[in-house]
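Colleague: What follows is run.txt, compact mmCIF, C-alpha atoms.
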# COMPACT_ATOMS: atom_id res chain seq x y z
CA MET A 1 -10.65 -52.63 36.80
CA SER A 2 -7.68 -52.86 39.18
CA ARG A 3 -7.83 -51.55 42.76
CA ASP A 4 -5.27 -48.76 41.95
CA ALA A 5 -7.40 -47.58 39.03
CA ALA A 6 -10.63 -47.66 41.05
CA ALA A 7 -9.15 -45.61 43.93
CA PHE A 8 -9.49 -41.85 43.68
CA SER A 9 -6.26 -40.17 42.62
CA LEU A 10 -5.79 -36.40 42.86
CA ARG A 11 -2.82 -36.66 40.49
CA ARG A 12 -4.92 -38.31 37.78
CA LEU A 13 -7.70 -35.79 38.34
CA ILE A 14 -5.29 -32.88 37.89
CA ALA A 15 -3.89 -34.52 34.75
CA MET A 16 -7.39 -34.92 33.36
CA MET A 17 -8.27 -31.30 34.14
CA ARG A 18 -5.02 -30.15 32.51
CA LYS A 19 -5.90 -32.10 29.36
CA GLU A 20 -9.37 -30.52 29.20
CA PHE A 21 -7.97 -27.01 29.69
CA LEU A 22 -5.46 -27.61 26.89
CA GLN A 23 -8.18 -28.85 24.54
CA LEU A 24 -10.39 -25.92 25.48
CA GLY A 25 -7.57 -23.45 24.90
CA ARG A 26 -7.01 -24.81 21.40
CA ASP A 27 -10.68 -24.24 20.50
CA ARG A 28 -10.56 -20.48 20.01
CA GLY A 29 -14.10 -20.35 18.66
CA SER A 30 -15.57 -21.83 21.84
CA ILE A 31 -13.42 -19.55 24.01
CA GLY A 32 -14.64 -16.54 22.05
CA MET A 33 -18.29 -17.54 22.45
CA MET A 34 -17.82 -18.12 26.19
CA ILE A 35 -16.55 -14.55 26.55
CA VAL A 36 -18.83 -12.83 24.05
CA MET A 37 -22.15 -14.46 25.01
CA PRO A 38 -22.25 -13.29 28.67
CA ILE A 39 -21.21 -9.78 27.63
CA MET A 40 -23.90 -9.73 24.94
CA GLN A 41 -26.56 -10.94 27.38
CA LEU A 42 -25.49 -8.36 29.97
CA LEU A 43 -25.69 -5.49 27.49
CA LEU A 44 -28.98 -6.58 25.90
CA PHE A 45 -30.86 -7.29 29.12
CA GLY A 46 -29.31 -4.38 30.97
CA TYR A 47 -29.58 -1.59 28.43
CA ALA A 48 -31.75 -2.61 25.46
CA ILE A 49 -34.76 -4.31 27.06
CA GLU A 50 -37.48 -1.96 28.26
CA THR A 51 -40.65 -3.47 29.69
CA GLN A 52 -42.32 -0.04 29.88
CA PRO A 53 -41.86 1.24 26.33
CA ARG A 54 -41.26 4.91 25.63
CA HIS A 55 -40.76 7.04 22.52
CA LEU A 56 -43.71 5.39 20.78
CA PRO A 57 -44.15 6.79 17.23
CA THR A 58 -47.24 8.99 17.11
CA VAL A 59 -49.09 11.18 14.58
CA LEU A 60 -51.69 13.90 15.21
CA LEU A 61 -54.74 14.87 13.17
CA MET A 62 -56.04 18.38 14.00
CA GLY A 63 -59.51 19.18 12.72
CA GLU A 64 -58.83 22.92 13.11
CA GLN A 65 -56.10 25.23 14.37
CA THR A 66 -57.08 26.23 17.90
CA SER A 67 -55.31 27.03 21.17
CA ALA A 68 -56.35 23.66 22.64
CA GLY A 69 -55.04 21.79 19.59
CA ARG A 70 -51.71 23.63 19.68
CA ALA A 71 -51.41 22.93 23.42
CA ILE A 72 -51.91 19.19 22.84
CA LEU A 73 -49.46 19.27 19.91
CA GLY A 74 -46.81 20.94 22.09
CA ALA A 75 -47.32 18.43 24.87
CA LEU A 76 -46.99 15.48 22.44
CA GLN A 77 -43.74 16.95 21.11
CA ASN A 78 -42.24 17.32 24.57
CA THR A 79 -43.15 14.10 26.31
CA ARG A 80 -40.58 11.31 26.44
CA TYR A 81 -43.23 8.61 26.34
CA ILE A 82 -44.28 9.53 22.82
CA ASP A 83 -42.07 10.12 19.78
CA PHE A 84 -44.12 12.66 17.81
CA LYS A 85 -43.69 12.14 14.06
CA ARG A 86 -45.88 14.66 12.24
CA VAL A 87 -49.29 16.24 11.82
CA VAL A 88 -51.36 14.34 9.24
CA ALA A 89 -53.88 16.08 7.02
CA SER A 90 -56.75 13.58 6.78
CA PRO A 91 -58.23 10.47 8.40
CA GLU A 92 -57.00 8.45 5.39
CA GLU A 93 -53.42 9.59 6.02
CA LEU A 94 -53.83 8.70 9.67
CA ASP A 95 -55.03 5.21 8.74
CA HIS A 96 -52.10 4.69 6.38
CA ALA A 97 -49.61 5.75 9.09
CA ILE A 98 -51.05 3.10 11.42
CA LEU A 99 -51.35 0.42 8.72
CA SER A 100 -47.80 0.83 7.40
CA GLY A 101 -46.27 0.80 10.87
CA GLU A 102 -45.03 4.39 10.64
CA ALA A 103 -47.01 5.15 13.81
CA LEU A 104 -48.24 2.89 16.59
CA PHE A 105 -50.44 5.56 17.91
CA ALA A 106 -52.55 8.51 16.66
CA VAL A 107 -54.51 11.33 18.28
CA GLU A 108 -57.40 13.03 16.45
CA ILE A 109 -58.77 16.36 17.66
CA PRO A 110 -62.14 16.87 15.96
CA VAL A 111 -63.54 20.09 14.49
CA GLY A 112 -65.21 22.22 17.19
CA PHE A 113 -63.38 20.58 20.07
CA GLU A 114 -62.30 23.83 21.77
CA ARG A 115 -65.67 25.50 21.25
CA LYS A 116 -67.51 22.57 22.82
CA LEU A 117 -64.96 22.41 25.63
CA ARG A 118 -65.59 26.07 26.53
CA ARG A 119 -69.36 25.48 26.45
CA GLY A 120 -69.07 22.49 28.77
CA GLU A 121 -70.44 20.05 26.15
CA ARG A 122 -67.79 17.37 26.97
CA PRO A 123 -66.27 16.87 23.47
CA ALA A 124 -64.38 13.70 22.55
CA ILE A 125 -60.77 13.18 21.46
CA LEU A 126 -60.17 10.05 19.37
CA VAL A 127 -57.15 7.95 20.30
CA VAL A 128 -56.17 5.25 17.80
CA SER A 129 -53.62 2.58 18.69
CA ASP A 130 -52.08 -0.33 16.80
CA ALA A 131 -53.13 -3.12 19.14
CA THR A 132 -51.22 -5.87 17.34
CA ASP A 133 -48.74 -5.31 20.18
CA PRO A 134 -50.97 -5.13 23.29
CA VAL A 135 -48.14 -4.09 25.64
CA ALA A 136 -47.07 -1.10 23.54
CA SER A 137 -50.65 0.00 22.86
CA SER A 138 -51.58 -0.03 26.56
CA SER A 139 -48.57 2.11 27.42
CA ALA A 140 -49.34 4.51 24.58
CA ILE A 141 -52.97 4.98 25.61
CA ALA A 142 -52.00 5.67 29.20
CA ALA A 143 -49.29 8.13 28.10
CA ALA A 144 -51.63 9.97 25.70
CA THR A 145 -54.39 10.31 28.28
CA GLY A 146 -52.02 11.91 30.75
CA THR A 147 -50.41 14.12 28.11
CA VAL A 148 -53.76 15.53 26.89
CA GLN A 149 -54.91 16.23 30.44
CA THR A 150 -51.63 17.98 31.33
CA ALA A 151 -51.74 20.11 28.18
CA LEU A 152 -55.33 21.26 28.68
CA ALA A 153 -54.75 21.97 32.38
CA ARG A 154 -51.63 24.01 31.62
CA GLU A 155 -53.61 26.23 29.24
CA ARG A 156 -56.44 26.50 31.82
CA PHE A 157 -59.02 24.75 29.67
CA ILE A 158 -59.76 22.38 32.52
CA ASP A 159 -59.47 22.54 36.31
CA THR A 160 -57.59 19.64 37.90
CA THR A 161 -57.75 20.94 41.48
CA ASP A 162 -61.03 19.11 42.12
CA ALA A 163 -60.08 15.44 41.96
CA SER A 164 -63.68 14.28 42.38
CA ALA A 165 -64.93 16.15 39.30
CA SER A 166 -65.14 14.26 35.99
CA ALA A 167 -63.04 15.43 33.06
CA PRO A 168 -64.86 18.02 30.87
CA TYR A 169 -63.85 16.04 27.78
CA GLU A 170 -63.95 12.39 26.72
CA ILE A 171 -61.19 10.18 25.29
CA ARG A 172 -62.47 7.50 22.94
CA VAL A 173 -59.96 4.71 22.37
CA HIS A 174 -59.95 2.64 19.19
CA ARG A 175 -57.71 -0.40 19.38
CA ARG A 176 -57.17 -1.35 15.77
CA PHE A 177 -56.57 -4.91 14.50
CA ASN A 178 -56.80 -6.53 17.95
CA PRO A 179 -59.57 -4.74 19.86
CA SER A 180 -59.76 -7.26 22.69
CA GLY A 181 -55.97 -7.21 23.20
CA GLU A 182 -55.58 -10.99 22.80
CA THR A 183 -51.96 -12.08 23.23
CA PRO A 184 -52.07 -15.04 20.76
CA LEU A 185 -52.82 -12.63 17.91
CA ASN A 186 -49.45 -11.02 18.61
CA ILE A 187 -47.49 -14.12 19.58
CA VAL A 188 -48.51 -16.64 16.88
CA PRO A 189 -47.39 -14.56 13.84
CA GLY A 190 -44.21 -13.73 15.73
CA LEU A 191 -43.60 -17.39 16.47
CA LEU A 192 -43.75 -18.12 12.75
CA GLY A 193 -40.72 -15.88 12.19
CA VAL A 194 -38.86 -17.21 15.24
CA ILE A 195 -39.37 -20.87 14.29
CA LEU A 196 -38.28 -20.28 10.69
CA THR A 197 -35.21 -18.37 11.89
CA MET A 198 -34.13 -21.01 14.39
CA SER A 199 -34.54 -24.03 12.15
CA THR A 200 -33.19 -22.65 8.88
CA LEU A 201 -30.26 -20.81 10.46
CA VAL A 202 -29.01 -23.71 12.56
CA PHE A 203 -29.53 -26.52 10.06
CA THR A 204 -27.94 -24.62 7.19
CA ALA A 205 -24.99 -23.60 9.36
CA LEU A 206 -24.39 -27.27 10.16
CA ALA A 207 -24.76 -28.41 6.56
CA VAL A 208 -21.33 -27.43 5.21
CA THR A 209 -19.37 -27.93 8.43
CA ARG A 210 -20.77 -31.47 8.60
CA GLU A 211 -19.30 -32.17 5.16
CA THR A 212 -15.94 -30.77 6.29
CA GLU A 213 -15.88 -32.80 9.50
CA ARG A 214 -16.83 -36.04 7.76
CA GLY A 215 -14.24 -35.47 5.05
CA THR A 216 -16.84 -35.59 2.26
CA MET A 217 -16.17 -32.01 1.16
CA GLU A 218 -13.30 -33.22 -1.03
CA THR A 219 -15.77 -35.43 -2.90
CA LEU A 220 -18.02 -32.44 -3.54
CA LEU A 221 -15.08 -30.34 -4.71
CA ALA A 222 -13.98 -33.06 -7.12
CA MET A 223 -17.37 -32.98 -8.84
CA PRO A 224 -17.96 -30.65 -11.84
CA ILE A 225 -20.15 -28.24 -9.86
CA SER A 226 -19.77 -24.54 -9.10
CA PRO A 227 -19.80 -22.97 -5.58
CA VAL A 228 -23.15 -21.32 -6.30
CA GLU A 229 -24.62 -24.67 -7.36
CA ILE A 230 -23.29 -26.30 -4.20
CA MET A 231 -24.75 -23.49 -2.12
CA LEU A 232 -28.17 -23.62 -3.76
CA GLY A 233 -28.21 -27.41 -3.61
CA LYS A 234 -27.41 -27.29 0.09
CA ILE A 235 -30.07 -24.79 1.08
CA ALA A 236 -32.92 -25.91 -1.23
CA PRO A 237 -34.08 -28.81 1.01
CA TYR A 238 -34.35 -26.44 3.97
CA VAL A 239 -36.62 -24.15 1.95
CA VAL A 240 -39.04 -27.07 1.65
CA VAL A 241 -38.68 -27.75 5.39
CA GLY A 242 -39.37 -24.07 6.10
CA PHE A 243 -42.58 -24.10 4.06
CA GLY A 244 -43.68 -27.23 5.92
CA GLN A 245 -43.12 -25.50 9.27
CA MET A 246 -44.93 -22.41 8.02
CA ALA A 247 -47.98 -24.47 7.01
CA VAL A 248 -48.06 -26.18 10.41
CA VAL A 249 -47.88 -22.87 12.33
CA LEU A 250 -50.54 -21.14 10.21
CA VAL A 251 -52.99 -24.06 10.38
CA ALA A 252 -52.44 -24.61 14.12
CA GLY A 253 -52.74 -20.86 14.76
CA ALA A 254 -56.03 -20.67 12.86
CA LEU A 255 -57.57 -23.78 14.45
CA ALA A 256 -56.28 -23.51 18.01
CA PHE A 257 -55.95 -19.74 18.56
CA LYS A 258 -58.30 -18.29 15.90
CA VAL A 259 -55.52 -16.18 14.39
CA PRO A 260 -56.85 -14.83 11.07
CA ILE A 261 -55.08 -14.12 7.78
CA ILE A 262 -56.83 -10.92 6.72
CA GLY A 263 -54.39 -10.05 3.92
CA SER A 264 -53.17 -11.94 0.86
CA LEU A 265 -51.91 -15.49 1.51
CA THR A 266 -50.00 -15.33 -1.80
CA LEU A 267 -48.14 -12.20 -0.65
CA LEU A 268 -47.41 -13.85 2.70
CA ILE A 269 -45.92 -16.91 0.98
CA ALA A 270 -43.87 -14.77 -1.43
CA LEU A 271 -42.36 -12.62 1.32
CA SER A 272 -41.82 -15.67 3.53
CA THR A 273 -39.72 -17.12 0.70
CA LEU A 274 -37.59 -13.97 0.77
CA PHE A 275 -37.23 -14.32 4.54
CA LEU A 276 -36.23 -17.98 4.24
CA ALA A 277 -33.61 -17.08 1.63
CA SER A 278 -32.19 -14.41 3.96
CA ASN A 279 -31.82 -16.84 6.86
CA LEU A 280 -30.45 -19.64 4.70
CA SER A 281 -27.81 -17.28 3.29
CA LEU A 282 -26.84 -16.24 6.82
CA GLY A 283 -26.65 -19.87 7.92
CA TYR A 284 -24.48 -20.69 4.93
CA LEU A 285 -22.18 -17.75 5.75
CA ILE A 286 -21.81 -19.07 9.32
CA SER A 287 -20.84 -22.47 7.96
CA THR A 288 -18.00 -20.89 5.95
CA VAL A 289 -16.39 -19.16 8.96
CA THR A 290 -16.54 -22.11 11.38
CA THR A 291 -14.43 -25.26 11.36
CA ASN A 292 -16.67 -27.75 13.17
CA GLN A 293 -20.32 -28.35 14.03
CA LEU A 294 -19.92 -27.22 17.65
CA GLN A 295 -18.63 -23.81 16.57
CA ALA A 296 -21.38 -23.54 13.94
CA LEU A 297 -24.01 -24.32 16.59
CA GLN A 298 -22.56 -21.81 19.05
CA LEU A 299 -22.33 -19.04 16.48
CA SER A 300 -25.86 -19.76 15.24
CA PHE A 301 -27.28 -19.29 18.73
CA GLY A 302 -25.10 -16.20 19.14
CA VAL A 303 -26.85 -14.73 16.09
CA PHE A 304 -30.25 -16.10 17.11
CA MET A 305 -30.33 -14.38 20.52
CA PRO A 306 -30.29 -10.76 19.22
CA ASN A 307 -32.98 -11.77 16.75
CA ILE A 308 -35.22 -12.83 19.64
CA LEU A 309 -34.52 -9.86 21.91
CA LEU A 310 -34.17 -6.95 19.47
CA SER A 311 -36.69 -7.78 16.73
CA GLY A 312 -39.85 -6.83 18.61
CA PHE A 313 -40.91 -10.42 19.23
CA MET A 314 -40.58 -10.41 23.05
CA PHE A 315 -40.42 -6.68 23.81
CA PRO A 316 -41.92 -3.64 22.02
CA PHE A 317 -39.46 -2.52 19.34
CA ALA A 318 -40.38 1.17 19.61
CA GLY A 319 -39.58 1.19 23.32
CA MET A 320 -35.94 0.17 22.88
CA PRO A 321 -33.08 2.72 22.81
CA LYS A 322 -31.94 4.02 19.42
CA TRP A 323 -28.73 1.97 19.30
CA ALA A 324 -30.70 -1.23 19.97
CA GLN A 325 -33.24 -0.27 17.29
CA ALA A 326 -30.36 0.27 14.82
CA ILE A 327 -29.13 -3.27 15.47
CA GLY A 328 -32.68 -4.58 15.22
CA GLU A 329 -33.18 -2.88 11.84
CA ALA A 330 -30.21 -4.89 10.51
CA LEU A 331 -31.89 -8.20 11.40
CA PRO A 332 -34.24 -9.88 8.89
CA LEU A 333 -36.55 -11.12 11.66
CA THR A 334 -37.43 -7.52 12.61
CA HIS A 335 -38.72 -6.78 9.12
CA TYR A 336 -40.42 -10.15 8.75
CA LEU A 337 -42.35 -9.67 11.99
CA ARG A 338 -43.70 -6.37 10.67
CA ILE A 339 -44.57 -8.05 7.37
CA VAL A 340 -46.28 -11.13 8.79
CA ARG A 341 -48.22 -9.18 11.44
CA GLY A 342 -49.12 -6.57 8.83
CA ILE A 343 -50.50 -9.13 6.36
CA MET A 344 -52.18 -11.46 8.86
CA LEU A 345 -53.68 -8.92 11.27
CA LYS A 346 -53.97 -5.64 9.32
CA GLY A 347 -54.50 -6.77 5.75
CA ALA A 348 -51.46 -4.78 4.62
CA VAL A 349 -50.47 -4.83 0.93
CA MET A 350 -47.11 -4.51 -0.82
CA VAL A 351 -47.17 -0.70 -0.80
CA ASP A 352 -47.55 -0.64 2.97
CA LEU A 353 -44.66 -3.09 3.44
CA ARG A 354 -42.24 -1.79 0.79
CA PHE A 355 -39.58 -0.49 3.19
CA ASP A 356 -39.36 -3.77 5.10
CA VAL A 357 -39.28 -5.74 1.83
CA LEU A 358 -36.44 -3.59 0.49
CA ALA A 359 -34.48 -3.93 3.73
CA MET A 360 -34.85 -7.71 3.76
CA THR A 361 -33.89 -7.95 0.06
CA ALA A 362 -30.75 -5.87 0.63
CA PHE A 363 -29.81 -8.08 3.59
CA MET A 364 -30.27 -11.28 1.56
CA VAL A 365 -28.24 -10.06 -1.43
CA ALA A 366 -25.36 -8.78 0.74
CA VAL A 367 -25.14 -11.89 2.90
CA MET A 368 -25.49 -14.28 -0.04
CA ALA A 369 -22.68 -12.50 -1.92
CA LEU A 370 -20.50 -12.65 1.19
CA ALA A 371 -21.27 -16.35 1.68
CA VAL A 372 -20.29 -17.19 -1.91
CA PHE A 373 -17.11 -15.10 -1.53
CA ARG A 374 -16.19 -16.87 1.70
CA PHE A 375 -16.89 -20.27 0.17
CA ARG A 376 -14.56 -19.48 -2.76
CA GLN A 377 -11.85 -18.50 -0.26
CA THR A 378 -12.40 -21.78 1.57
CA LEU A 379 -11.88 -23.65 -1.69
CA ASP A 380 -8.58 -21.83 -2.23
Would you mind writing the structure in this file as structure tokens?
Modeller:
Amino acid sequence: MSRDAAAFSLRRLIAMMRKEFLQLGRDRGSIGMMIVMPIMQLLLFGYAIETQPRHLPTVLLMGEQTSAGRAILGALQNTRYIDFKRVVASPEELDHAILSGEALFAVEIPVGFERKLRRGERPAILVVSDATDPVASSSAIAAATGTVQTALARERFIDTTDASASAPYEIRVHRRFNPSGETPLNIVPGLLGVILTMSTLVFTALAVTRETERGTMETLLAMPISPVEIMLGKIAPYVVVGFGQMAVVLVAGALAFKVPIIGSLTLLIALSTLFLASNLSLGYLISTVTTNQLQALQLSFGVFMPNILLSGFMFPFAGMPKWAQAIGEALPLTHYLRIVRGIMLKGAVMVDLRFDVLAMTAFMVAVMALAVFRFRQTLD
């Protein structure tokens, strides 16, 4: 290296910077991601993420129509911490609401509650929470306790002026499916969905763009094979990879963290296949709208981030604002998390999960059709 070349030159530095800016300006995909990603992060963390969840879906079972029951019902309908859904007619209907995910929380007022309250017999109100999400269930229990006390005090059933006196009623809390509130029982099933999303989405998105960059796409197009056959041939190996990852997570979760599979393993595998197909279709669609592997990687992570933040994996889904929940409902990971937690922790069956299965099927069909359409356009 000559002395002139080794010496620092501001002119050469400016020329080098100018070259990099020109190259960056020609890569519109990267420029778009640089602008969109910070805005997306700002909006999601600023407006959508709520560490103290509110509007938790709740049902009420009233053993009899009394003034105390109606006071509690009115309080549940008016509080912003609880999103009151409906009055259920039986304990079986209450159990189904919790099992299917319709409600995270239920309040049962037993027969004779008001009569015992007036006699000073300290009756009990049953509070049932879906403890598969320990954060949401803790917030719901605290909110319900305060709501019941406020309602009964407003109707003068209890006296709250004496802070030292014990409450003339008892609240019995039943934490279903995770009574000890262990975090791994919530995290491990969620991690299964996150790992499958990350690996299948990214690797499939890179699959077609890699062929284009290497110039081997022309060889594929010259072969007597249809776009659908190319698509299925591309994504099939990643289905096998996905099942391998699934087996590793389930075995490690059972051995290391004692995470059970209460429901049907066959149903879990079948619905995991549907989830894999949804993500592989989305990854394939990404590969048809990008021109190189860097853009495919950037767009994959751009899609992956809302999946992590808005699916209910990191933060309680029910506590997010409505617009964030609407986006979350459009993501396959949201429905898969409900499915995998429902089967593994609650023993849910197909009837309980039918809405999430239908939503994920509709997503897969729509995205797969769009991916095939985009691939045909690419061929033209």
Colleague: Please measure the separation of CA of Pro57 in chain A and CA of Leu76 in chain A, giving the value in Å to one decimal.
Modeller: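 We find that CA of Pro57 in chain A and CA of Leu76 in chain A lie 10.5 Å from each other.
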Colleague: Counting all atoms listed in the file, which residues come within 9 Å of (-61.1, 25.3, 18.5), with the point read in the file's coordinates, and could you list them as a ChimeraX atom specification?
Modeller: /A:63-69,110-117
Colleague: Using Å and a single decimal, report how far CA of Ile339 in chain A sits from CA of Val188 in chain A.
Modeller: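 These two atoms are separated by 13.4 Å.
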Colleague: Suppose you want the space between CA of Val36 in chain A and CA of Ala366 in chain A; what is it in Å?
Modeller: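 Distance reported for this atom pair: 24.5 Å.
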Colleague: Arg86 in chain A: which residues within 10 Å, counting only C-alpha atoms, same-chain residues fewer than 5 positions away excluded, as a ChimeraX atom specification?
Modeller: /A:57-61,73,77,103
Colleague: Which residues are near Val208 in chain A? Cut-off 10 Å, all atoms listed in the file, ignore same chain within fewer than 6 positions. Put them as a list in words.
Modeller: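 Selected residues are Thr216, Met217, Ile230, Met231, Lys234, Gly283, Tyr284, Leu285, Ile286, Ser287, Thr288, Thr290, Thr291, Asn292, Gln293, Ala296 and Phe375 of chain A.
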Colleague: For Ala143 in chain A, which of A:Phe317, A:Phe177, A:Tyr81, A:Phe157 is the closest residue, counting only C-alpha atoms?
Modeller: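 Nearest to Ala143 in chain A: A:Tyr81.
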Colleague: Tell me which protein, DNA and RNA residues are within 8 Å of Val173 in chain A, counting all atoms listed in the file, leaving out same-chain ones fewer than 5 positions away, and put them as a PyMOL selection string.
Modeller: chain A and resi 126-129+141
